[in-house]
file coords15.txt (compact mmCIF, C-alpha atoms)
# COMPACT_ATOMS: atom_id res chain seq x y z
CA MET A 21 19.56 55.12 -20.93
CA ALA A 22 16.92 52.42 -20.41
CA PRO A 23 13.44 53.20 -21.72
CA SER A 24 10.87 54.05 -19.06
CA ARG A 25 8.34 51.36 -18.26
CA PRO A 26 4.64 52.04 -18.78
CA ASP A 27 2.50 52.59 -15.72
CA ILE A 28 -0.88 53.96 -14.62
CA THR A 29 -1.86 56.14 -11.68
CA LEU A 30 -4.49 54.84 -9.27
CA GLY A 31 -6.90 56.95 -7.29
CA ASP A 32 -7.61 56.46 -3.60
CA LEU A 33 -9.15 53.01 -3.03
CA SER A 34 -9.64 53.42 0.72
CA GLY A 35 -12.81 51.69 1.89
CA LYS A 36 -12.80 49.24 -1.03
CA LEU A 37 -12.58 45.48 -0.55
CA ALA A 38 -10.78 43.58 -3.31
CA VAL A 39 -10.33 39.86 -3.93
CA VAL A 40 -7.49 38.69 -6.20
CA THR A 41 -7.05 35.03 -7.11
CA GLY A 42 -3.55 33.78 -7.79
CA ALA A 43 -2.16 36.51 -5.57
CA SER A 44 0.82 34.64 -4.14
CA ASP A 45 3.22 35.32 -7.01
CA GLY A 46 3.72 36.87 -10.43
CA VAL A 47 1.05 39.13 -11.86
CA GLY A 48 -1.39 38.38 -9.03
CA LEU A 49 1.12 39.41 -6.38
CA GLY A 50 1.84 42.63 -8.25
CA LEU A 51 -1.86 43.41 -8.61
CA THR A 52 -2.42 42.81 -4.92
CA GLU A 53 0.44 45.11 -3.96
CA ARG A 54 -0.77 47.91 -6.23
CA LEU A 55 -4.36 47.71 -4.96
CA ALA A 56 -3.23 47.59 -1.32
CA ALA A 57 -0.82 50.51 -1.83
CA ALA A 58 -3.76 52.56 -3.14
CA GLY A 59 -5.69 51.90 0.07
CA ALA A 60 -7.85 48.89 -0.78
CA GLU A 61 -8.20 46.01 1.64
CA VAL A 62 -7.24 42.88 -0.29
CA VAL A 63 -8.20 39.26 0.30
CA LEU A 64 -5.70 36.74 -1.09
CA PRO A 65 -7.33 33.34 -1.70
CA VAL A 66 -4.38 30.94 -2.12
CA ARG A 67 -3.80 27.22 -2.50
CA ASN A 68 -0.38 27.25 -0.83
CA ALA A 69 -0.54 28.90 2.61
CA ALA A 70 3.23 29.28 2.91
CA LYS A 71 3.44 31.12 -0.42
CA GLY A 72 0.52 33.28 0.65
CA GLU A 73 2.20 34.21 3.92
CA ALA A 74 5.41 35.06 2.06
CA ALA A 75 3.45 37.27 -0.34
CA VAL A 76 1.79 39.13 2.54
CA ALA A 77 5.16 39.62 4.26
CA ARG A 78 6.73 40.95 1.06
CA ILE A 79 3.95 43.48 0.51
CA ARG A 80 3.95 44.62 4.14
CA GLN A 81 7.70 45.11 4.02
CA ARG A 82 7.13 47.73 1.33
CA HIS A 83 3.74 48.97 2.57
CA PRO A 84 3.51 48.46 6.35
CA GLU A 85 -0.07 49.75 6.50
CA ALA A 86 -1.37 47.35 3.83
CA ALA A 87 -4.64 45.65 4.79
CA LEU A 88 -4.25 42.05 3.66
CA SER A 89 -5.75 38.71 4.66
CA LEU A 90 -5.40 35.14 3.44
CA ARG A 91 -8.12 32.64 2.63
CA GLU A 92 -7.85 29.10 1.30
CA LEU A 93 -8.75 28.38 -2.33
CA ASP A 94 -7.93 25.58 -4.74
CA LEU A 95 -9.63 26.37 -8.04
CA SER A 96 -9.20 22.76 -9.15
CA SER A 97 -11.66 21.65 -6.44
CA LEU A 98 -15.27 22.82 -6.54
CA ASP A 99 -15.59 21.89 -2.87
CA SER A 100 -12.81 24.39 -2.10
CA VAL A 101 -14.48 27.04 -4.26
CA THR A 102 -17.81 26.46 -2.52
CA ALA A 103 -16.14 26.69 0.90
CA LEU A 104 -14.53 30.04 0.11
CA GLY A 105 -17.83 31.43 -1.11
CA ALA A 106 -19.52 30.32 2.10
CA THR A 107 -16.73 31.82 4.22
CA LEU A 108 -16.88 35.22 2.56
CA ARG A 109 -20.68 35.29 2.49
CA GLY A 110 -20.56 34.54 6.22
CA GLU A 111 -18.38 37.59 6.71
CA ASN A 112 -21.06 39.54 4.79
CA ARG A 113 -18.81 42.30 3.47
CA PRO A 114 -19.53 43.81 0.03
CA ILE A 115 -16.81 43.15 -2.53
CA HIS A 116 -15.94 46.11 -4.77
CA ILE A 117 -13.17 44.59 -6.91
CA LEU A 118 -12.70 40.97 -7.99
CA VAL A 119 -9.76 40.01 -10.20
CA ASN A 120 -10.02 36.45 -11.49
CA ASN A 121 -6.32 36.12 -12.19
CA ALA A 122 -5.17 32.62 -11.20
CA GLY A 123 -4.39 30.14 -13.95
CA VAL A 124 -2.50 27.07 -15.03
CA MET A 125 -0.86 26.65 -18.44
CA THR A 126 -0.06 23.71 -20.71
CA PRO A 127 0.68 20.66 -18.58
CA PRO A 128 2.52 18.31 -20.95
CA GLN A 129 0.10 15.45 -20.20
CA ARG A 130 -3.61 15.67 -19.48
CA ARG A 131 -4.36 16.26 -15.83
CA SER A 132 -7.70 16.45 -14.04
CA THR A 133 -9.37 18.50 -11.34
CA ALA A 134 -10.90 16.89 -8.28
CA GLU A 135 -14.14 16.48 -10.24
CA GLY A 136 -12.44 14.99 -13.30
CA PHE A 137 -12.46 18.07 -15.56
CA GLU A 138 -9.40 18.74 -17.71
CA LEU A 139 -7.20 20.81 -15.41
CA GLN A 140 -6.97 24.00 -17.48
CA PHE A 141 -10.67 24.11 -18.38
CA GLY A 142 -11.60 23.18 -14.82
CA SER A 143 -9.30 25.63 -13.01
CA ASN A 144 -9.01 28.58 -15.37
CA HIS A 145 -12.69 28.70 -16.31
CA LEU A 146 -15.03 26.45 -14.29
CA GLY A 147 -13.42 27.20 -10.92
CA HIS A 148 -13.74 30.94 -11.46
CA PHE A 149 -17.26 30.54 -12.85
CA ALA A 150 -18.32 28.79 -9.64
CA LEU A 151 -16.46 31.35 -7.51
CA VAL A 152 -18.34 34.28 -9.06
CA ALA A 153 -21.63 32.44 -8.50
CA GLY A 154 -20.74 31.89 -4.85
CA LEU A 155 -19.73 35.51 -4.32
CA LEU A 156 -22.59 37.01 -6.33
CA PRO A 157 -24.53 38.50 -3.37
CA LEU A 158 -21.36 40.26 -2.15
CA LEU A 159 -20.46 41.44 -5.66
CA ARG A 160 -23.95 42.86 -6.11
CA ALA A 161 -23.81 44.57 -2.72
CA GLY A 162 -20.50 46.21 -3.68
CA ARG A 163 -21.53 47.02 -7.26
CA ALA A 164 -18.29 45.28 -8.08
CA ARG A 165 -15.95 45.56 -10.99
CA VAL A 166 -15.05 42.01 -12.03
CA THR A 167 -11.96 41.50 -14.17
CA SER A 168 -11.30 38.12 -15.76
CA GLN A 169 -7.73 37.51 -16.90
CA ILE A 170 -7.62 35.82 -20.30
CA SER A 171 -4.65 35.49 -22.68
CA VAL A 172 -3.46 36.16 -26.20
CA ALA A 173 -4.14 32.42 -26.53
CA ALA A 174 -7.85 33.28 -26.57
CA ASN A 175 -7.20 34.59 -30.07
CA GLN A 176 -6.05 31.12 -31.18
CA HIS A 177 -7.68 27.72 -31.76
CA ALA A 178 -11.31 27.14 -30.67
CA ILE A 179 -13.71 25.59 -28.19
CA ASN A 180 -13.62 21.81 -28.51
CA TRP A 181 -17.37 21.49 -28.07
CA ASP A 182 -17.43 17.73 -28.74
CA ASP A 183 -14.76 16.98 -26.13
CA LEU A 184 -14.54 19.87 -23.67
CA ASN A 185 -12.47 17.81 -21.25
CA TRP A 186 -9.97 16.60 -23.86
CA GLU A 187 -10.47 12.96 -22.98
CA ARG A 188 -9.90 11.65 -26.51
CA SER A 189 -6.97 13.67 -27.86
CA TYR A 190 -5.31 15.98 -25.35
CA HIS A 191 -3.31 18.91 -26.72
CA GLY A 192 -1.92 21.19 -24.01
CA GLN A 193 -1.84 24.46 -25.97
CA ARG A 194 -5.24 23.94 -27.59
CA ALA A 195 -6.75 23.05 -24.23
CA TYR A 196 -5.21 26.19 -22.74
CA SER A 197 -6.66 28.33 -25.54
CA GLN A 198 -10.06 26.74 -25.00
CA SER A 199 -9.95 27.52 -21.27
CA LYS A 200 -9.22 31.18 -21.97
CA ILE A 201 -11.83 31.48 -24.74
CA ALA A 202 -14.41 29.95 -22.40
CA PHE A 203 -13.35 32.29 -19.61
CA GLY A 204 -13.58 35.30 -21.91
CA LEU A 205 -17.06 34.29 -23.07
CA PHE A 206 -18.05 34.02 -19.42
CA GLY A 207 -16.73 37.48 -18.54
CA LEU A 208 -18.69 39.08 -21.37
CA GLU A 209 -21.85 37.12 -20.63
CA LEU A 210 -21.57 38.12 -16.96
CA ASP A 211 -21.70 41.77 -17.98
CA ARG A 212 -24.68 41.18 -20.28
CA ARG A 213 -26.61 39.31 -17.61
CA SER A 214 -25.76 41.93 -15.00
CA ARG A 215 -27.14 44.71 -17.19
CA ALA A 216 -30.24 42.71 -18.08
CA GLY A 217 -30.91 41.66 -14.50
CA GLY A 218 -29.90 44.87 -12.76
CA TRP A 219 -27.17 43.15 -10.74
CA GLY A 220 -25.00 46.28 -10.65
CA ILE A 221 -21.83 44.36 -11.58
CA THR A 222 -19.45 45.56 -14.29
CA SER A 223 -17.43 42.81 -15.95
CA ASN A 224 -14.40 43.29 -18.18
CA LEU A 225 -11.58 41.19 -19.61
CA ALA A 226 -7.83 41.74 -19.51
CA HIS A 227 -4.80 39.95 -20.81
CA PRO A 228 -1.17 40.42 -19.74
CA GLY A 229 0.44 40.07 -23.14
CA VAL A 230 3.51 37.83 -22.95
CA ALA A 231 5.82 38.27 -20.00
CA ALA A 232 8.45 36.53 -17.93
CA THR A 233 6.26 34.98 -15.23
CA ASN A 234 6.00 31.50 -13.70
CA LEU A 235 3.26 30.16 -15.99
CA LEU A 236 5.80 28.30 -18.12
CA ALA A 237 8.33 27.67 -15.37
CA ALA A 238 9.27 24.26 -14.00
CA ARG A 239 6.19 22.79 -12.31
CA PRO A 240 6.89 19.22 -11.13
CA GLU A 241 3.33 18.92 -9.83
CA LEU A 242 2.15 19.41 -13.41
CA GLY A 243 4.68 17.02 -14.89
CA ARG A 244 7.03 19.78 -16.08
CA ALA A 245 10.48 19.16 -14.60
CA ARG A 246 12.14 22.21 -16.16
CA PRO A 247 11.09 25.52 -17.75
CA THR A 248 9.81 25.20 -21.30
CA PRO A 249 12.08 26.35 -24.14
CA LEU A 250 9.59 29.16 -24.78
CA ALA A 251 9.94 30.32 -21.17
CA ARG A 252 13.71 30.60 -21.59
CA VAL A 253 13.30 32.67 -24.76
CA ILE A 254 10.76 34.97 -23.10
CA HIS A 255 12.99 35.53 -20.06
CA ALA A 256 16.03 36.29 -22.21
CA LEU A 257 14.24 38.82 -24.43
CA SER A 258 12.28 40.34 -21.56
CA ARG A 259 15.53 41.12 -19.69
CA ARG A 260 16.67 43.04 -22.76
CA GLY A 261 13.39 44.89 -23.16
CA ILE A 262 12.72 43.20 -26.51
CA LEU A 263 9.11 42.41 -27.52
CA PHE A 264 8.01 40.82 -24.25
CA GLY A 265 6.92 42.44 -21.01
CA THR A 266 7.71 41.88 -17.35
CA ALA A 267 5.50 40.85 -14.44
CA GLU A 268 5.32 44.56 -13.49
CA THR A 269 4.06 45.68 -16.90
CA ALA A 270 1.91 42.59 -17.50
CA LEU A 271 -0.32 43.43 -14.53
CA LEU A 272 -1.28 46.86 -15.86
CA PRO A 273 -4.17 45.86 -18.17
CA ALA A 274 -5.96 44.04 -15.36
CA LEU A 275 -5.25 46.90 -12.97
CA LEU A 276 -6.73 49.34 -15.48
CA ALA A 277 -9.78 47.13 -16.05
CA ALA A 278 -10.33 46.73 -12.30
CA THR A 279 -10.21 50.44 -11.49
CA THR A 280 -11.29 52.46 -14.53
CA PRO A 281 -14.83 53.86 -14.26
CA GLU A 282 -15.78 53.00 -17.84
CA THR A 283 -18.56 50.63 -18.87
CA GLY A 284 -18.19 46.86 -19.10
CA ALA A 285 -17.73 44.13 -21.71
CA ARG A 286 -14.34 45.53 -22.72
CA LEU A 287 -10.95 43.95 -23.28
CA TYR A 288 -7.74 45.56 -22.04
CA GLY A 289 -4.23 44.52 -22.97
CA PRO A 290 -0.75 45.83 -23.78
CA SER A 291 -0.66 48.21 -26.73
CA GLY A 292 2.80 47.35 -28.08
CA PRO A 293 3.75 45.15 -31.06
CA LEU A 294 1.50 42.08 -31.32
CA HIS A 295 -0.02 43.26 -28.00
CA TYR A 296 2.77 41.37 -26.20
CA SER A 297 3.95 44.34 -24.11
CA GLY A 298 3.56 48.08 -23.72
CA ALA A 299 1.17 50.51 -22.08
CA PRO A 300 -2.31 49.15 -21.23
CA ALA A 301 -5.19 50.13 -23.49
CA GLU A 302 -8.61 48.98 -24.61
CA GLN A 303 -8.48 46.52 -27.50
CA ALA A 304 -10.95 45.07 -29.97
CA LEU A 305 -12.56 41.86 -28.77
CA TYR A 306 -11.01 38.75 -30.23
CA SER A 307 -13.16 37.16 -32.93
CA ARG A 308 -13.64 34.02 -30.82
CA LEU A 309 -15.29 36.09 -28.07
CA ARG A 310 -17.85 37.94 -30.19
CA GLY A 311 -20.54 35.27 -30.49
CA THR A 312 -23.32 35.76 -27.96
CA GLU A 313 -24.70 32.32 -28.81
CA ASP A 314 -21.38 30.74 -27.90
CA ALA A 315 -21.33 32.72 -24.65
CA GLU A 316 -24.85 31.61 -23.72
CA ARG A 317 -24.02 28.01 -24.61
CA MET A 318 -20.86 28.01 -22.51
CA TRP A 319 -22.75 29.61 -19.61
CA ARG A 320 -25.42 26.86 -19.68
CA ILE A 321 -22.80 24.12 -19.89
CA SER A 322 -20.79 25.66 -17.06
CA GLU A 323 -23.85 25.78 -14.82
CA GLU A 324 -24.55 22.13 -15.56
CA LEU A 325 -20.97 21.02 -14.95
CA THR A 326 -20.40 23.00 -11.75
CA GLY A 327 -23.91 23.04 -10.28
CA ALA A 328 -23.42 26.78 -9.70
CA ALA A 329 -26.67 28.72 -9.62
CA PHE A 330 -27.05 32.24 -11.02
CA PRO A 331 -30.34 34.20 -11.01
CA ARG A 332 -32.60 33.49 -13.98
call {"tool": "encode", "arguments": {"input": "coords15.txt", "output": "structure tokens"}}
result
Amino acid sequence: MAPSRPDITLGDLSGKLAVVTGASDGVGLGLTERLAAAGAEVVLPVRNAAKGEAAVARIRQRHPEAALSLRELDLSSLDSVTALGATLRGENRPIHILVNNAGVMTPPQRRSTAEGFELQFGSNHLGHFALVAGLLPLLRAGRARVTSQISVAANQHAINWDDLNWERSYHGQRAYSQSKIAFGLFGLELDRRSRAGGWGITSNLAHPGVAATNLLAARPELGRARPTPLARVIHALSRRGILFGTAETALLPALLAATTPETGARLYGPSGPLHYSGAPAEQALYSRLRGTEDAERMWRISEELTGAAFPR
């Protein structure tokens, strides 16, 4: 008899507006379906419209009453991020839940965003940083819960302060770790600034553990013609229920962070061995995320690089 998978029970989210980045597949698609099934209206900002439409159709096949809508977003372009912020501010609807979930992982060669930032740092961190700035009035109006999806990689390596864009010696895994450390520092600093400024926003972090998703799959547009060897190992063990999770279990920490009524500046992740899989639970902050000086420094740099303006 197969072991039962962990899960959580959601309350009624009717009347809530949620925004989930990276919602067209994997963990983001699962998060969107769970929030919509609980009654939330969910906005799916996607880069690929066809994938977004397929995601909406899949969810509505299972939940015909789901309230879903697509918007355009390419996190590797600050112009696209700015445009989405302007669109949603124009609609003037308070946002109650924001899950910053989209991400890119370990291109084998250095790639750049539209503005010339290293792709992982620019998309995983700077794009979301600018998005939160653009949505801030709506997040404040909704007293939103903001969840930023980091990674177990945020417990590895360090911020490359002298070469944030990896122009001199690119290393895909180290650059990925940096992007997730920076993003984690941002999520914690957002909560501190919200409390200090009375913004009414609660900000938490989540990580999915390690699961069989598309992050390490073949991505020709990133220069990866076939799945990485690690991806093949993860898929094989995940199918057998060994060590690694699935897309369905990997979404649970972010779902818990986005809906639990507890206070902010917390990290949620799987509670199993090495925190790779298992039931979602609060975890101790990674050592690389505990320095408030680092968080303030990254915040200042991110404002300078993106031109995004937060209240002083």
call {"tool": "residues_around", "arguments": {"input": "coords15.txt", "residues": "Ile170 (chain A)", "least_positions_apart": "5", "cutoff": "8 Å", "atoms": "all atoms listed in the file", "output": "list in words"}}
result
Lys200, Ile201, Phe203, Gly204, Leu225, Ala226, His227 and Pro228 of chain A
call {"tool": "write_last_selection", "arguments": {"input": "coords15.txt", "atoms": "C-alpha atoms", "output": "PDB file, in the coordinates of the input"}}
result
ATOM      1  CA  LYS A 200      -9.220  31.180 -21.970  1.00  0.00           C
ATOM      2  CA  ILE A 201     -11.830  31.480 -24.740  1.00  0.00           C
ATOM      3  CA  PHE A 203     -13.350  32.290 -19.610  1.00  0.00           C
ATOM      4  CA  GLY A 204     -13.580  35.300 -21.910  1.00  0.00           C
ATOM      5  CA  LEU A 225     -11.580  41.190 -19.610  1.00  0.00           C
ATOM      6  CA  ALA A 226      -7.830  41.740 -19.510  1.00  0.00           C
ATOM      7  CA  HIS A 227      -4.800  39.950 -20.810  1.00  0.00           C
ATOM      8  CA  PRO A 228      -1.170  40.420 -19.740  1.00  0.00           C
TER       9      PRO A 228
END
call {"tool": "residues_near_point", "arguments": {"input": "coords15.txt", "point": "(-9.7, 50.6, 0.0)", "cutoff": "12 Å", "atoms": "all atoms listed in the file", "output": "MDAnalysis selection string"}}
result
chainID A and resid 30:39 52 54:63 85:88 114:117 279
call {"tool": "closest_residue", "arguments": {"input": "coords15.txt", "among": "A:Pro65, A:Gly142, A:Pro127, A:Gly42", "to": "Gln198 (chain A)", "atoms": "all atoms listed in the file"}}
result
A:Gly142
call {"tool": "residues_near_point", "arguments": {"input": "coords15.txt", "point": "(-12.8, 44.6, -30.5)", "cutoff": "12 Å", "atoms": "all atoms listed in the file", "output": "JSON, numbers by chain"}}
result
{"A": [175, 225, 285, 286, 287, 288, 289, 301, 302, 303, 304, 305, 306, 307, 308, 309, 310]}
call {"tool": "atom_distance", "arguments": {"input": "coords15.txt", "atom1": "CA of Pro281 (chain A)", "atom2": "CA of Ile221 (chain A)"}}
result
12.1 Å
call {"tool": "closest_residue", "arguments": {"input": "coords15.txt", "among": "A:Glu111, A:Asp183, A:Asp27, A:Asp314", "to": "Glu209 (chain A)", "atoms": "only C-alpha atoms"}}
result
A:Asp314
call {"tool": "axis_aligned_box", "arguments": {"input": "coords15.txt", "around": "region 153-166 of chain A", "padding_each_side": "4 Å", "output": "AutoDock Vina command-line options"}}
result
--center_x -19.8 --center_y 39.5 --center_z -7.1 --size_x 17.5 --size_y 23.1 --size_z 17.9
call {"tool": "atom_distance", "arguments": {"input": "coords15.txt", "atom1": "CA of Val40 (chain A)", "atom2": "CA of Val66 (chain A)"}}
result
9.3 Å
